[in-house]
Amino acid sequence: QGIYEESAAIAARIFGTAGSQTLSIRHNLADMYRQRGEVERAEALFREVLDHRLRVIGEEHADTLLTMQNLAALLGQTRRFDEAGKWLGRAMKQIERMPTESPLRLDLLRTQGLNWLGLGTPLRADPVYVEAAALSSQINGSNHASTLEMLRHRARCALELNRLAEAEELITGVLDAERRAQLSEKELLPSENVLAQILLAAGNLDKAAAAIERTRKIVDEAPARTDPEVLVALSNQGALLRARGEWEEAERLFRNVLEARRARFSAQHPHVFRS
């Protein structure tokens, strides 16, 4: 934190408060404040950077759009969904005007989809990830890690929208591709977690238990149970126990996950609310 703050002050003296280098450093500083839960400092800095970028480089610039998206993420984190949605809608209009084969468009679509999911609006995230998956396949190839990530998010959207058969088909395809690429068990964890959640939602407890068992070794060997995907795996274990009527053990796991998320994220973070 101190390094970023000192760098921002030095950049402002050299390049001016509206210089591109200064704004990039201040944007990163604001995002660090957001992740640390220092919401007021993050919001003030994001708004300052966004104001400068709108005036200096314009609304259509990728840096401006990224700041819009990160401000929207912070607003969603603090439950100000209406304003967050307005910024995301404004950003999306500009993203749609970008060249269709641009890697920058892909990066912004990815962030846009994550923000819509964070706001609890999978119906808005779903078409974003449909486009992002197709674009990544075109740019990077169908088995590229970026393409598989977009497909994993599509499966998450389908799960949230209760399209469980579609969700299972998508995530199974992702896992098949990841296994063919010989990813490690740890690298498979995000997709295994999504599969377990889909199977739990479908009430297929035997298959869910098998998916959860495949993640147990990674969870048990994690040096510190603060990694977001490890916490998702623990939460899945709790959900399976709850579905089986093992209430006390389920509660213990859920409380452990909540405590770990409170320690890692701000009190307003969506992960904490979900716990």
# chains A, B, ... in the order shown; residues from 1 in each chain; ligands from 1
>>> closest_atom_pairs(of="segment 119-157 of chain A", to="segment 165-177 of chain A", cutoff="10 Å", atoms="only C-alpha atoms", output="JSON lines")
{"residue": "A:Ser142", "atom": "CA", "partner": "A:Ala177", "partner_atom": "CA", "distance": 9.3}
{"residue": "A:Asn143", "atom": "CA", "partner": "A:Ala177", "partner_atom": "CA", "distance": 6.4}
{"residue": "A:His144", "atom": "CA", "partner": "A:Ala177", "partner_atom": "CA", "distance": 9.1}
{"residue": "A:Ala145", "atom": "CA", "partner": "A:Ala177", "partner_atom": "CA", "distance": 9.5}
{"residue": "A:Thr147", "atom": "CA", "partner": "A:Val174", "partner_atom": "CA", "distance": 9.2}
{"residue": "A:Leu148", "atom": "CA", "partner": "A:Val174", "partner_atom": "CA", "distance": 5.8}
{"residue": "A:Glu149", "atom": "CA", "partner": "A:Val174", "partner_atom": "CA", "distance": 8.2}
{"residue": "A:Met150", "atom": "CA", "partner": "A:Val174", "partner_atom": "CA", "distance": 9.7}
{"residue": "A:Leu151", "atom": "CA", "partner": "A:Leu170", "partner_atom": "CA", "distance": 6.6}
{"residue": "A:Arg152", "atom": "CA", "partner": "A:Ile171", "partner_atom": "CA", "distance": 5.9}
{"residue": "A:His153", "atom": "CA", "partner": "A:Ile171", "partner_atom": "CA", "distance": 9.0}
{"residue": "A:Arg154", "atom": "CA", "partner": "A:Leu170", "partner_atom": "CA", "distance": 7.5}
{"residue": "A:Ala155", "atom": "CA", "partner": "A:Ala167", "partner_atom": "CA", "distance": 4.4}
{"residue": "A:Arg156", "atom": "CA", "partner": "A:Ala167", "partner_atom": "CA", "distance": 6.9}
{"residue": "A:Cys157", "atom": "CA", "partner": "A:Ala167", "partner_atom": "CA", "distance": 7.8}
>>> closest_residue(among="A:Gln35, A:Ser102, A:Ser235, A:Gln69", to="Lys86 of chain A", atoms="only C-alpha atoms")
A:Gln69
>>> residues_around(residues="segment 135-137 of chain A", least_positions_apart="6", cutoff="7 Å", atoms="only C-alpha atoms", output="VMD selection string")
chain A and resid 101 106 146 to 147
>>> closest_residue(among="A:Arg242, A:Arg47, A:His61, A:Arg124", to="Arg105 of chain A", atoms="only C-alpha atoms")
A:His61
>>> atom_distance(atom1="atom CA of Arg214 of chain A", atom2="atom CA of Leu258 of chain A")
22.6 Å
>>> atom_distance(atom1="atom CA of Asn115 of chain A", atom2="atom CA of Gly76 of chain A")
8.0 Å
>>> decode(residues="segment 185-203 of chain A", atoms="N, CA, C and O atoms", output="PDB file, in the first residue's frame")
ATOM      1  N   GLU A 185      -4.609 -31.273 -10.129  1.00  0.00           N
ATOM      2  CA  GLU A 185      -5.841 -31.298  -9.337  1.00  0.00           C
ATOM      3  C   GLU A 185      -6.184 -29.899  -8.822  1.00  0.00           C
ATOM      4  O   GLU A 185      -7.354 -29.516  -8.765  1.00  0.00           O
ATOM      5  N   LYS A 186      -5.156 -29.145  -8.433  1.00  0.00           N
ATOM      6  CA  LYS A 186      -5.392 -27.792  -7.952  1.00  0.00           C
ATOM      7  C   LYS A 186      -5.943 -26.903  -9.059  1.00  0.00           C
ATOM      8  O   LYS A 186      -6.840 -26.080  -8.829  1.00  0.00           O
ATOM      9  N   GLU A 187      -5.431 -27.065 -10.273  1.00  0.00           N
ATOM     10  CA  GLU A 187      -5.908 -26.267 -11.404  1.00  0.00           C
ATOM     11  C   GLU A 187      -7.324 -26.653 -11.816  1.00  0.00           C
ATOM     12  O   GLU A 187      -8.061 -25.838 -12.383  1.00  0.00           O
ATOM     13  N   LEU A 188      -7.720 -27.894 -11.521  1.00  0.00           N
ATOM     14  CA  LEU A 188      -9.084 -28.360 -11.827  1.00  0.00           C
ATOM     15  C   LEU A 188     -10.104 -27.883 -10.793  1.00  0.00           C
ATOM     16  O   LEU A 188     -11.315 -27.973 -11.029  1.00  0.00           O
ATOM     17  N   LEU A 189      -9.640 -27.367  -9.660  1.00  0.00           N
ATOM     18  CA  LEU A 189     -10.527 -27.066  -8.540  1.00  0.00           C
ATOM     19  C   LEU A 189     -11.680 -26.126  -8.901  1.00  0.00           C
ATOM     20  O   LEU A 189     -12.829 -26.409  -8.523  1.00  0.00           O
ATOM     21  N   PRO A 190     -11.460 -25.011  -9.620  1.00  0.00           N
ATOM     22  CA  PRO A 190     -12.606 -24.143  -9.934  1.00  0.00           C
ATOM     23  C   PRO A 190     -13.720 -24.857 -10.687  1.00  0.00           C
ATOM     24  O   PRO A 190     -14.907 -24.677 -10.380  1.00  0.00           O
ATOM     25  N   SER A 191     -13.352 -25.684 -11.668  1.00  0.00           N
ATOM     26  CA  SER A 191     -14.379 -26.394 -12.445  1.00  0.00           C
ATOM     27  C   SER A 191     -15.037 -27.500 -11.629  1.00  0.00           C
ATOM     28  O   SER A 191     -16.254 -27.716 -11.725  1.00  0.00           O
ATOM     29  N   GLU A 192     -14.250 -28.204 -10.825  1.00  0.00           N
ATOM     30  CA  GLU A 192     -14.834 -29.232  -9.952  1.00  0.00           C
ATOM     31  C   GLU A 192     -15.820 -28.598  -8.971  1.00  0.00           C
ATOM     32  O   GLU A 192     -16.874 -29.177  -8.673  1.00  0.00           O
ATOM     33  N   ASN A 193     -15.496 -27.418  -8.474  1.00  0.00           N
ATOM     34  CA  ASN A 193     -16.402 -26.730  -7.556  1.00  0.00           C
ATOM     35  C   ASN A 193     -17.727 -26.393  -8.221  1.00  0.00           C
ATOM     36  O   ASN A 193     -18.796 -26.572  -7.630  1.00  0.00           O
ATOM     37  N   VAL A 194     -17.653 -25.892  -9.454  1.00  0.00           N
ATOM     38  CA  VAL A 194     -18.887 -25.542 -10.172  1.00  0.00           C
ATOM     39  C   VAL A 194     -19.706 -26.804 -10.440  1.00  0.00           C
ATOM     40  O   VAL A 194     -20.932 -26.805 -10.269  1.00  0.00           O
ATOM     41  N   LEU A 195     -19.039 -27.874 -10.855  1.00  0.00           N
ATOM     42  CA  LEU A 195     -19.763 -29.128 -11.093  1.00  0.00           C
ATOM     43  C   LEU A 195     -20.468 -29.591  -9.819  1.00  0.00           C
ATOM     44  O   LEU A 195     -21.646 -29.995  -9.861  1.00  0.00           O
ATOM     45  N   ALA A 196     -19.771 -29.539  -8.686  1.00  0.00           N
ATOM     46  CA  ALA A 196     -20.390 -29.965  -7.422  1.00  0.00           C
ATOM     47  C   ALA A 196     -21.619 -29.123  -7.105  1.00  0.00           C
ATOM     48  O   ALA A 196     -22.647 -29.648  -6.662  1.00  0.00           O
ATOM     49  N   GLN A 197     -21.530 -27.818  -7.325  1.00  0.00           N
ATOM     50  CA  GLN A 197     -22.668 -26.936  -7.049  1.00  0.00           C
ATOM     51  C   GLN A 197     -23.855 -27.274  -7.938  1.00  0.00           C
ATOM     52  O   GLN A 197     -25.009 -27.262  -7.483  1.00  0.00           O
ATOM     53  N   ILE A 198     -23.582 -27.577  -9.194  1.00  0.00           N
ATOM     54  CA  ILE A 198     -24.662 -27.938 -10.130  1.00  0.00           C
ATOM     55  C   ILE A 198     -25.336 -29.235  -9.698  1.00  0.00           C
ATOM     56  O   ILE A 198     -26.573 -29.342  -9.666  1.00  0.00           O
ATOM     57  N   LEU A 199     -24.535 -30.223  -9.335  1.00  0.00           N
ATOM     58  CA  LEU A 199     -25.077 -31.517  -8.923  1.00  0.00           C
ATOM     59  C   LEU A 199     -25.852 -31.404  -7.616  1.00  0.00           C
ATOM     60  O   LEU A 199     -26.887 -32.056  -7.439  1.00  0.00           O
ATOM     61  N   LEU A 200     -25.364 -30.574  -6.700  1.00  0.00           N
ATOM     62  CA  LEU A 200     -26.106 -30.332  -5.457  1.00  0.00           C
ATOM     63  C   LEU A 200     -27.453 -29.687  -5.751  1.00  0.00           C
ATOM     64  O   LEU A 200     -28.475 -30.067  -5.175  1.00  0.00           O
ATOM     65  N   ALA A 201     -27.449 -28.706  -6.657  1.00  0.00           N
ATOM     66  CA  ALA A 201     -28.705 -28.027  -7.005  1.00  0.00           C
ATOM     67  C   ALA A 201     -29.690 -28.981  -7.665  1.00  0.00           C
ATOM     68  O   ALA A 201     -30.908 -28.858  -7.490  1.00  0.00           O
ATOM     69  N   ALA A 202     -29.157 -29.954  -8.406  1.00  0.00           N
ATOM     70  CA  ALA A 202     -30.011 -30.935  -9.080  1.00  0.00           C
ATOM     71  C   ALA A 202     -30.460 -32.052  -8.146  1.00  0.00           C
ATOM     72  O   ALA A 202     -31.278 -32.899  -8.530  1.00  0.00           O
ATOM     73  N   GLY A 203     -29.916 -32.079  -6.913  1.00  0.00           N
ATOM     74  CA  GLY A 203     -30.275 -33.125  -5.959  1.00  0.00           C
ATOM     75  C   GLY A 203     -29.598 -34.440  -6.229  1.00  0.00           C
ATOM     76  O   GLY A 203     -29.986 -35.483  -5.668  1.00  0.00           O
TER      77      GLY A 203
END
